[in-house]
file input15.txt (compact mmCIF, C-alpha atoms and all ligand atoms)
# COMPACT_ATOMS: atom_id res chain seq x y z
CA MET A 1 -70.54 -73.45 15.22
CA TYR A 2 -67.52 -74.54 17.25
CA LEU A 3 -64.16 -73.36 15.93
CA LEU A 4 -60.81 -74.91 16.86
CA ILE A 5 -57.73 -72.83 16.03
CA PRO A 6 -54.46 -74.81 15.96
CA ALA A 7 -51.94 -72.23 17.20
CA ALA A 8 -49.32 -74.39 18.94
CA GLY A 9 -46.56 -74.44 16.32
CA VAL A 10 -43.06 -73.05 16.59
CA GLY A 11 -42.72 -71.58 13.12
CA LYS A 12 -39.48 -73.31 12.06
CA ARG A 13 -39.86 -72.16 8.46
CA MET A 14 -40.31 -68.58 9.65
CA GLY A 15 -36.89 -68.85 11.26
CA CYS A 16 -37.75 -66.79 14.33
CA ASP A 17 -37.23 -67.75 17.96
CA ARG A 18 -40.88 -67.79 19.06
CA ASN A 19 -44.33 -68.76 17.86
CA LYS A 20 -44.76 -67.00 14.49
CA LEU A 21 -48.39 -66.24 15.37
CA LEU A 22 -47.07 -63.57 17.74
CA LEU A 23 -45.30 -61.74 14.90
CA GLU A 24 -47.07 -58.60 13.75
CA VAL A 25 -48.62 -57.78 10.39
CA ARG A 26 -49.89 -54.22 10.14
CA SER A 27 -49.30 -53.66 13.85
CA GLN A 28 -51.42 -56.65 14.96
CA PRO A 29 -50.15 -60.14 15.87
CA ILE A 30 -51.03 -62.78 13.25
CA ILE A 31 -53.25 -64.62 15.75
CA ALA A 32 -55.18 -61.38 16.38
CA TRP A 33 -56.17 -61.14 12.70
CA THR A 34 -57.39 -64.76 12.80
CA LEU A 35 -59.40 -64.11 15.96
CA LEU A 36 -60.93 -60.94 14.51
CA ALA A 37 -62.17 -62.92 11.50
CA ALA A 38 -63.69 -65.52 13.86
CA GLN A 39 -65.33 -62.76 15.89
CA ALA A 40 -66.79 -61.21 12.71
CA ALA A 41 -68.12 -64.53 11.38
CA SER A 42 -71.71 -64.64 12.62
CA GLU A 43 -71.88 -68.47 12.39
CA ILE A 44 -69.05 -68.97 14.90
CA SER A 45 -70.26 -69.12 18.49
CA TRP A 46 -67.32 -70.73 20.39
CA ILE A 47 -63.56 -70.55 19.88
CA GLY A 48 -60.92 -72.98 21.15
CA ILE A 49 -57.29 -71.82 20.84
CA ILE A 50 -54.97 -74.84 20.82
CA SER A 51 -51.64 -73.55 22.02
CA GLN A 52 -48.54 -74.09 24.14
CA PRO A 53 -48.73 -72.87 27.78
CA THR A 54 -45.56 -70.78 27.23
CA ASP A 55 -47.61 -68.64 24.79
CA TRP A 56 -50.68 -68.31 27.02
CA PRO A 57 -49.61 -65.04 28.71
CA ASP A 58 -49.09 -63.40 25.28
CA PHE A 59 -52.31 -64.83 23.84
CA LYS A 60 -54.25 -63.70 26.92
CA SER A 61 -52.99 -60.16 26.60
CA ILE A 62 -53.88 -60.15 22.87
CA LEU A 63 -57.40 -61.35 23.79
CA ALA A 64 -57.71 -58.67 26.44
CA ASN A 65 -56.98 -56.03 23.79
CA LEU A 66 -59.40 -57.51 21.25
CA GLN A 67 -62.33 -57.77 23.70
CA LEU A 68 -64.09 -60.54 21.77
CA THR A 69 -67.70 -61.17 22.72
CA LYS A 70 -67.54 -64.93 21.98
CA PRO A 71 -66.43 -67.53 24.55
CA VAL A 72 -62.76 -68.50 24.13
CA GLU A 73 -61.09 -71.57 25.70
CA PHE A 74 -57.39 -72.42 25.84
CA ILE A 75 -56.52 -76.02 24.97
CA LEU A 76 -53.10 -77.64 25.41
CA GLY A 77 -51.22 -78.03 22.11
CA GLY A 78 -49.36 -81.16 20.98
CA SER A 79 -45.98 -81.66 19.35
CA THR A 80 -47.50 -81.85 15.83
CA ARG A 81 -50.53 -80.15 14.27
CA GLN A 82 -52.20 -83.57 14.20
CA GLU A 83 -51.69 -84.01 17.96
CA SER A 84 -52.88 -80.47 18.60
CA VAL A 85 -56.15 -81.06 16.74
CA TYR A 86 -56.56 -84.41 18.55
CA ASN A 87 -56.35 -82.52 21.87
CA GLY A 88 -58.75 -79.88 20.58
CA LEU A 89 -61.35 -82.50 19.72
CA GLN A 90 -61.19 -84.00 23.22
CA ALA A 91 -61.73 -80.52 24.70
CA LEU A 92 -64.85 -79.67 22.68
CA PRO A 93 -68.07 -79.22 24.68
CA THR A 94 -70.22 -82.37 24.49
CA ALA A 95 -72.91 -80.44 22.58
CA ALA A 96 -70.56 -80.00 19.57
CA GLU A 97 -71.86 -82.05 16.62
CA GLN A 98 -69.82 -80.29 13.92
CA VAL A 99 -66.55 -78.44 14.14
CA LEU A 100 -64.51 -76.09 11.98
CA ILE A 101 -60.74 -76.26 12.23
CA HIS A 102 -58.88 -73.19 11.07
CA ASP A 103 -55.11 -72.63 11.29
CA GLY A 104 -54.06 -69.65 13.37
CA ALA A 105 -51.52 -69.02 10.63
CA ARG A 106 -54.24 -68.46 7.98
CA CYS A 107 -54.94 -64.98 9.27
CA LEU A 108 -56.39 -63.63 5.98
CA ALA A 109 -59.39 -65.95 5.69
CA THR A 110 -62.51 -63.78 5.52
CA PRO A 111 -65.50 -64.05 7.88
CA ASN A 112 -67.48 -64.87 4.74
CA LEU A 113 -65.38 -68.02 4.11
CA LEU A 114 -65.74 -69.12 7.75
CA ASN A 115 -69.50 -68.60 7.50
CA SER A 116 -69.91 -70.51 4.23
CA CYS A 117 -67.90 -73.47 5.58
CA ALA A 118 -69.97 -73.42 8.80
CA GLN A 119 -73.20 -73.50 6.78
CA ALA A 120 -71.97 -76.23 4.41
CA ILE A 121 -70.78 -78.63 7.14
CA ARG A 122 -74.36 -78.93 8.37
CA HIS A 123 -75.11 -80.85 5.14
CA CYS A 124 -72.09 -83.18 4.80
CA SER A 125 -69.59 -85.13 6.94
CA GLY A 126 -66.38 -83.42 5.90
CA LEU A 127 -65.25 -80.45 3.83
CA ILE A 128 -62.24 -78.27 3.19
CA ALA A 129 -61.69 -74.89 1.65
CA ALA A 130 -59.38 -75.28 -1.36
CA VAL A 131 -58.39 -73.42 -4.53
CA PRO A 132 -57.58 -74.81 -7.98
CA VAL A 133 -53.82 -75.12 -8.55
CA LYS A 134 -52.52 -72.52 -11.04
CA ASP A 135 -49.06 -74.01 -11.69
CA THR A 136 -48.12 -77.04 -13.73
CA ILE A 137 -47.12 -79.58 -11.05
CA LYS A 138 -44.37 -82.18 -11.55
CA VAL A 139 -43.98 -85.43 -9.60
CA VAL A 140 -40.21 -85.84 -9.12
CA ASP A 141 -38.15 -88.79 -7.84
CA GLU A 142 -35.31 -88.65 -5.28
CA ASP A 143 -32.76 -88.08 -8.10
CA GLY A 144 -34.61 -84.95 -9.25
CA ILE A 145 -36.01 -86.65 -12.35
CA ILE A 146 -39.59 -85.86 -13.34
CA GLN A 147 -41.82 -88.91 -13.18
CA ASN A 148 -45.07 -87.42 -14.44
CA THR A 149 -47.23 -84.33 -14.80
CA PRO A 150 -50.64 -84.79 -13.17
CA ASP A 151 -53.65 -83.27 -14.90
CA ARG A 152 -54.00 -79.84 -13.28
CA ARG A 153 -57.78 -80.00 -13.56
CA ASN A 154 -57.71 -82.57 -10.72
CA LEU A 155 -55.38 -80.59 -8.44
CA TRP A 156 -56.57 -78.33 -5.63
CA ALA A 157 -54.47 -76.61 -2.98
CA ALA A 158 -55.82 -77.39 0.50
CA GLN A 159 -56.59 -74.60 2.91
CA THR A 160 -58.47 -74.22 6.14
CA PRO A 161 -61.25 -73.86 7.36
CA GLN A 162 -61.83 -77.60 7.30
CA GLY A 163 -65.16 -78.78 8.71
CA PHE A 164 -66.19 -82.17 10.06
CA ASN A 165 -68.75 -84.18 11.92
CA VAL A 166 -67.14 -84.32 15.38
CA GLU A 167 -67.78 -88.00 16.13
CA LEU A 168 -66.41 -89.12 12.74
CA LEU A 169 -63.33 -86.91 13.05
CA LYS A 170 -62.64 -88.26 16.55
CA GLN A 171 -62.86 -91.81 15.17
CA CYS A 172 -60.51 -90.96 12.27
CA HIS A 173 -57.97 -89.37 14.64
CA ALA A 174 -58.12 -92.43 16.91
CA GLU A 175 -57.54 -94.69 13.88
CA GLY A 176 -54.62 -92.44 12.90
CA VAL A 177 -53.04 -92.99 16.33
CA ARG A 178 -53.60 -96.78 16.10
CA GLN A 179 -52.09 -96.97 12.60
CA GLY A 180 -49.30 -94.44 13.19
CA TRP A 181 -50.47 -92.22 10.31
CA GLU A 182 -48.76 -88.82 10.06
CA VAL A 183 -50.76 -86.23 8.12
CA THR A 184 -50.62 -82.48 7.63
CA ASP A 185 -54.36 -81.88 7.62
CA ASP A 186 -57.51 -83.45 9.02
CA ALA A 187 -59.07 -84.18 5.65
CA ALA A 188 -56.22 -86.66 5.04
CA LEU A 189 -57.45 -88.76 7.99
CA PHE A 190 -60.96 -88.86 6.50
CA GLU A 191 -59.45 -89.84 3.13
CA LYS A 192 -57.41 -92.64 4.70
CA CYS A 193 -60.55 -93.93 6.44
CA GLY A 194 -62.42 -93.89 3.13
CA ILE A 195 -64.85 -91.11 4.09
CA GLU A 196 -65.85 -88.45 1.54
CA VAL A 197 -64.54 -84.91 1.92
CA GLN A 198 -66.07 -82.12 -0.16
CA ILE A 199 -64.33 -79.07 -1.56
CA VAL A 200 -65.64 -75.59 -0.81
CA GLU A 201 -64.14 -72.89 -3.04
CA GLY A 202 -61.51 -71.18 -0.88
CA GLU A 203 -59.84 -67.81 -1.32
CA GLU A 204 -56.66 -66.97 -3.28
CA THR A 205 -55.75 -64.53 -0.51
CA ASN A 206 -56.17 -67.15 2.25
CA LEU A 207 -52.46 -67.88 2.43
CA LYS A 208 -50.81 -69.61 5.37
CA VAL A 209 -48.16 -67.33 6.83
CA THR A 210 -45.24 -69.75 6.74
CA THR A 211 -42.05 -67.94 5.64
CA PRO A 212 -40.77 -64.36 6.10
CA GLN A 213 -41.91 -63.51 2.54
CA ASP A 214 -45.48 -64.38 3.54
CA LEU A 215 -45.42 -61.57 6.13
CA ALA A 216 -44.88 -59.02 3.37
CA ILE A 217 -47.55 -60.61 1.16
CA ALA A 218 -50.05 -60.66 4.06
CA GLU A 219 -49.36 -56.98 4.73
CA PHE A 220 -49.94 -56.19 1.05
CA ILE A 221 -53.26 -58.09 1.02
CA LEU A 222 -54.50 -56.36 4.19
CA ASN A 223 -53.52 -52.95 2.78
CA SER A 224 -55.33 -53.66 -0.48
CA ARG A 225 -58.52 -54.57 1.46
CA ASP A 226 -58.46 -51.10 3.00
CA ASN A 227 -58.20 -49.52 -0.43
CA SER A 228 -61.00 -51.49 -2.08
N1 LIG A 301 -47.57 -78.74 17.07
C1 LIG A 301 -48.29 -77.91 16.30
C2 LIG A 301 -47.80 -77.45 15.04
C3 LIG A 301 -48.57 -76.55 14.33
N2 LIG A 301 -49.73 -76.10 14.83
C4 LIG A 301 -50.50 -75.06 14.12
O1 LIG A 301 -50.90 -75.54 12.86
C5 LIG A 301 -51.00 -74.46 11.94
C6 LIG A 301 -50.32 -74.79 10.62
O2 LIG A 301 -48.98 -75.15 10.89
P1 LIG A 301 -47.69 -74.46 10.29
O3 LIG A 301 -48.00 -73.30 9.48
O4 LIG A 301 -46.85 -75.55 9.74
O5 LIG A 301 -47.05 -73.85 11.64
P2 LIG A 301 -45.74 -74.22 12.40
O6 LIG A 301 -45.76 -75.66 12.79
O7 LIG A 301 -45.64 -73.22 13.50
O8 LIG A 301 -44.63 -73.92 11.30
P3 LIG A 301 -43.36 -74.79 10.87
O9 LIG A 301 -43.91 -76.05 10.25
O10 LIG A 301 -42.62 -73.93 9.93
O11 LIG A 301 -42.58 -75.06 12.14
C7 LIG A 301 -50.38 -73.22 12.62
O12 LIG A 301 -51.41 -72.32 12.96
C8 LIG A 301 -49.68 -73.81 13.82
O13 LIG A 301 -49.64 -72.94 14.96
C9 LIG A 301 -50.22 -76.58 16.04
O14 LIG A 301 -51.30 -76.18 16.49
N3 LIG A 301 -49.47 -77.49 16.75
C1 LIG A 302 -53.89 -77.65 7.06
C2 LIG A 302 -53.09 -76.89 6.06
O1 LIG A 302 -53.10 -75.51 6.38
C3 LIG A 302 -53.75 -77.02 4.71
O2 LIG A 302 -53.08 -76.25 3.79
C4 LIG A 302 -51.68 -77.35 6.00
O3 LIG A 302 -51.66 -78.65 5.54
C5 LIG A 302 -50.91 -77.19 7.30
O4 LIG A 302 -49.64 -77.80 7.32
P1 LIG A 302 -48.36 -77.60 6.35
O5 LIG A 302 -47.38 -78.60 6.83
O6 LIG A 302 -47.84 -76.23 6.52
O7 LIG A 302 -48.79 -77.87 4.94

call {"tool": "encode", "arguments": {"input": "input15.txt", "output": "structure tokens"}}
result
Amino acid sequence: MYLLIPAAGVGKRMGCDRNKLLLEVRSQPIIAWTLLAAQAASEISWIGIISQPTDWPDFKSILANLQLTKPVEFILGGSTRQESVYNGLQALPTAAEQVLIHDGARCLATPNLLNSCAQAIRHCSGLIAAVPVKDTIKVVDEDGIIQNTPDRRNLWAAQTPQGFNVELLKQCHAEGVRQGWEVTDDAALFEKCGIEVQIVEGEETNLKVTTPQDLAIAEFILNSRDNS
């Protein structure tokens, strides 16, 4: 299975002055944890890291330390995640019929989750890992007044990996460019094009490292894996 890793962000919400994926959790850069999971997932055979050229020297030295056995390509990132994935799709080898997309910032996803998504995408056109929402969610207007409370049984928090048929995802991205759609994940492009996307049960611990607090939570989760 081909795996694209969007890793070209700047980490505004992390509030640091460089790509947050270079920050360390338990003495390893965030992107290293993500790459180690990809290396350990037996279904993954090719890895594309979508990233900004300014980060390539750092990423290359991380890769040199990890000594992965799988082929890794660097792909030029865009100015949004959507643009980065678009570039990644154009750079896939022509043999790629399905692809998994997994955020570099979701460094706690297990090899098991990557493998189950890789197996499942062979039997459908689009899927995402997701977990049922635990909180009661409120829809609020611009004045801070609650408009309604959606039924929690229908609410799932989206994660990555997200898996797709490559040709269909390319078509949906092209339609997104034509229509000027701005989305935060690839499933949303499928949804807008009216194509079904399935849910695969994700992992509670598969958080996206987004804010400084997430660094501490990620460290805690990795420590608890050692102790289990
Ligand atoms: N132009 C971009 C923006 C984001 N990403 C990647 O998409 C994933 C999810 O994005 P997010 O967590 O929002 O990362 P940032 O964009 O770096 O964070 P922020 O929104 O706080 O700036 C990350 O692995 C990030 O590197 C990307 O490849 N290209
Ligand atoms: C793709 C994603 O990780 C799913 O949770 C997420 O949408 C990335 O972007 P966000 O802007 O940080 O939500």

call {"tool": "axis_aligned_box", "arguments": {"input": "input15.txt", "around": "ligand LIG 302 (chain A)", "padding_each_side": "6 Å", "output": "JSON"}}
result
{"center_x": -50.6, "center_y": -77.1, "center_z": 5.6, "size_x": 18.5, "size_y": 15.1, "size_z": 15.5}

call {"tool": "closest_residue", "arguments": {"input": "input15.txt", "among": "A:Leu36, A:Val72, A:Ala91, A:Ala105", "to": "ligand LIG 301 (chain A)", "atoms": "only C-alpha atoms and all ligand atoms"}}
result
A:Ala105

call {"tool": "closest_residue", "arguments": {"input": "input15.txt", "among": "A:Gln179, A:Ser224, A:Thr160, A:Ser84", "to": "ligand LIG 302 (chain A)", "atoms": "only C-alpha atoms and all ligand atoms"}}
result
A:Thr160

call {"tool": "closest_residue", "arguments": {"input": "input15.txt", "among": "A:Ala188, A:Ile101, A:Val10, A:Val25", "to": "Gln213 of chain A", "atoms": "all atoms listed in the file"}}
result
A:Val25

call {"tool": "residues_near_ligand", "arguments": {"input": "input15.txt", "ligand": "ligand LIG 301 (chain A)", "cutoff": "6 Å", "atoms": "all atoms listed in the file", "output": "number ranges by chain"}}
result
A: 6-14, 50, 77-81, 84, 103-105, 210

call {"tool": "atom_distance", "arguments": {"input": "input15.txt", "atom1": "atom CA of Tyr2 of chain A", "atom2": "atom CA of Ala129 of chain A"}}
result
16.7 Å

call {"tool": "atom_distance", "arguments": {"input": "input15.txt", "atom1": "atom CA of Asn87 of chain A", "atom2": "atom O6 of ligand LIG 302 (chain A)"}}
result
18.6 Å

call {"tool": "residues_near_ligand", "arguments": {"input": "input15.txt", "ligand": "ligand LIG 302 (chain A)", "cutoff": "9 Å", "atoms": "all atoms listed in the file", "output": "PyMOL selection string"}}
result
chain A and resi 81+101-103+105-106+128-130+157-162+183-187+207-210

call {"tool": "write_last_selection", "arguments": {"input": "input15.txt", "atoms": "C-alpha atoms", "output": "mmCIF file, in the coordinates of the input"}}
result
data_model
loop_
_atom_site.group_PDB
_atom_site.id
_atom_site.type_symbol
_atom_site.label_atom_id
_atom_site.label_comp_id
_atom_site.auth_asym_id
_atom_site.auth_seq_id
_atom_site.Cartn_x
_atom_site.Cartn_y
_atom_site.Cartn_z
ATOM 1 C CA ARG A 81 -50.530 -80.150 14.270
ATOM 2 C CA ILE A 101 -60.740 -76.260 12.230
ATOM 3 C CA HIS A 102 -58.880 -73.190 11.070
ATOM 4 C CA ASP A 103 -55.110 -72.630 11.290
ATOM 5 C CA ALA A 105 -51.520 -69.020 10.630
ATOM 6 C CA ARG A 106 -54.240 -68.460 7.980
ATOM 7 C CA ILE A 128 -62.240 -78.270 3.190
ATOM 8 C CA ALA A 129 -61.690 -74.890 1.650
ATOM 9 C CA ALA A 130 -59.380 -75.280 -1.360
ATOM 10 C CA ALA A 157 -54.470 -76.610 -2.980
ATOM 11 C CA ALA A 158 -55.820 -77.390 0.500
ATOM 12 C CA GLN A 159 -56.590 -74.600 2.910
ATOM 13 C CA THR A 160 -58.470 -74.220 6.140
ATOM 14 C CA PRO A 161 -61.250 -73.860 7.360
ATOM 15 C CA GLN A 162 -61.830 -77.600 7.300
ATOM 16 C CA VAL A 183 -50.760 -86.230 8.120
ATOM 17 C CA THR A 184 -50.620 -82.480 7.630
ATOM 18 C CA ASP A 185 -54.360 -81.880 7.620
ATOM 19 C CA ASP A 186 -57.510 -83.450 9.020
ATOM 20 C CA ALA A 187 -59.070 -84.180 5.650
ATOM 21 C CA LEU A 207 -52.460 -67.880 2.430
ATOM 22 C CA LYS A 208 -50.810 -69.610 5.370
ATOM 23 C CA VAL A 209 -48.160 -67.330 6.830
ATOM 24 C CA THR A 210 -45.240 -69.750 6.740
#
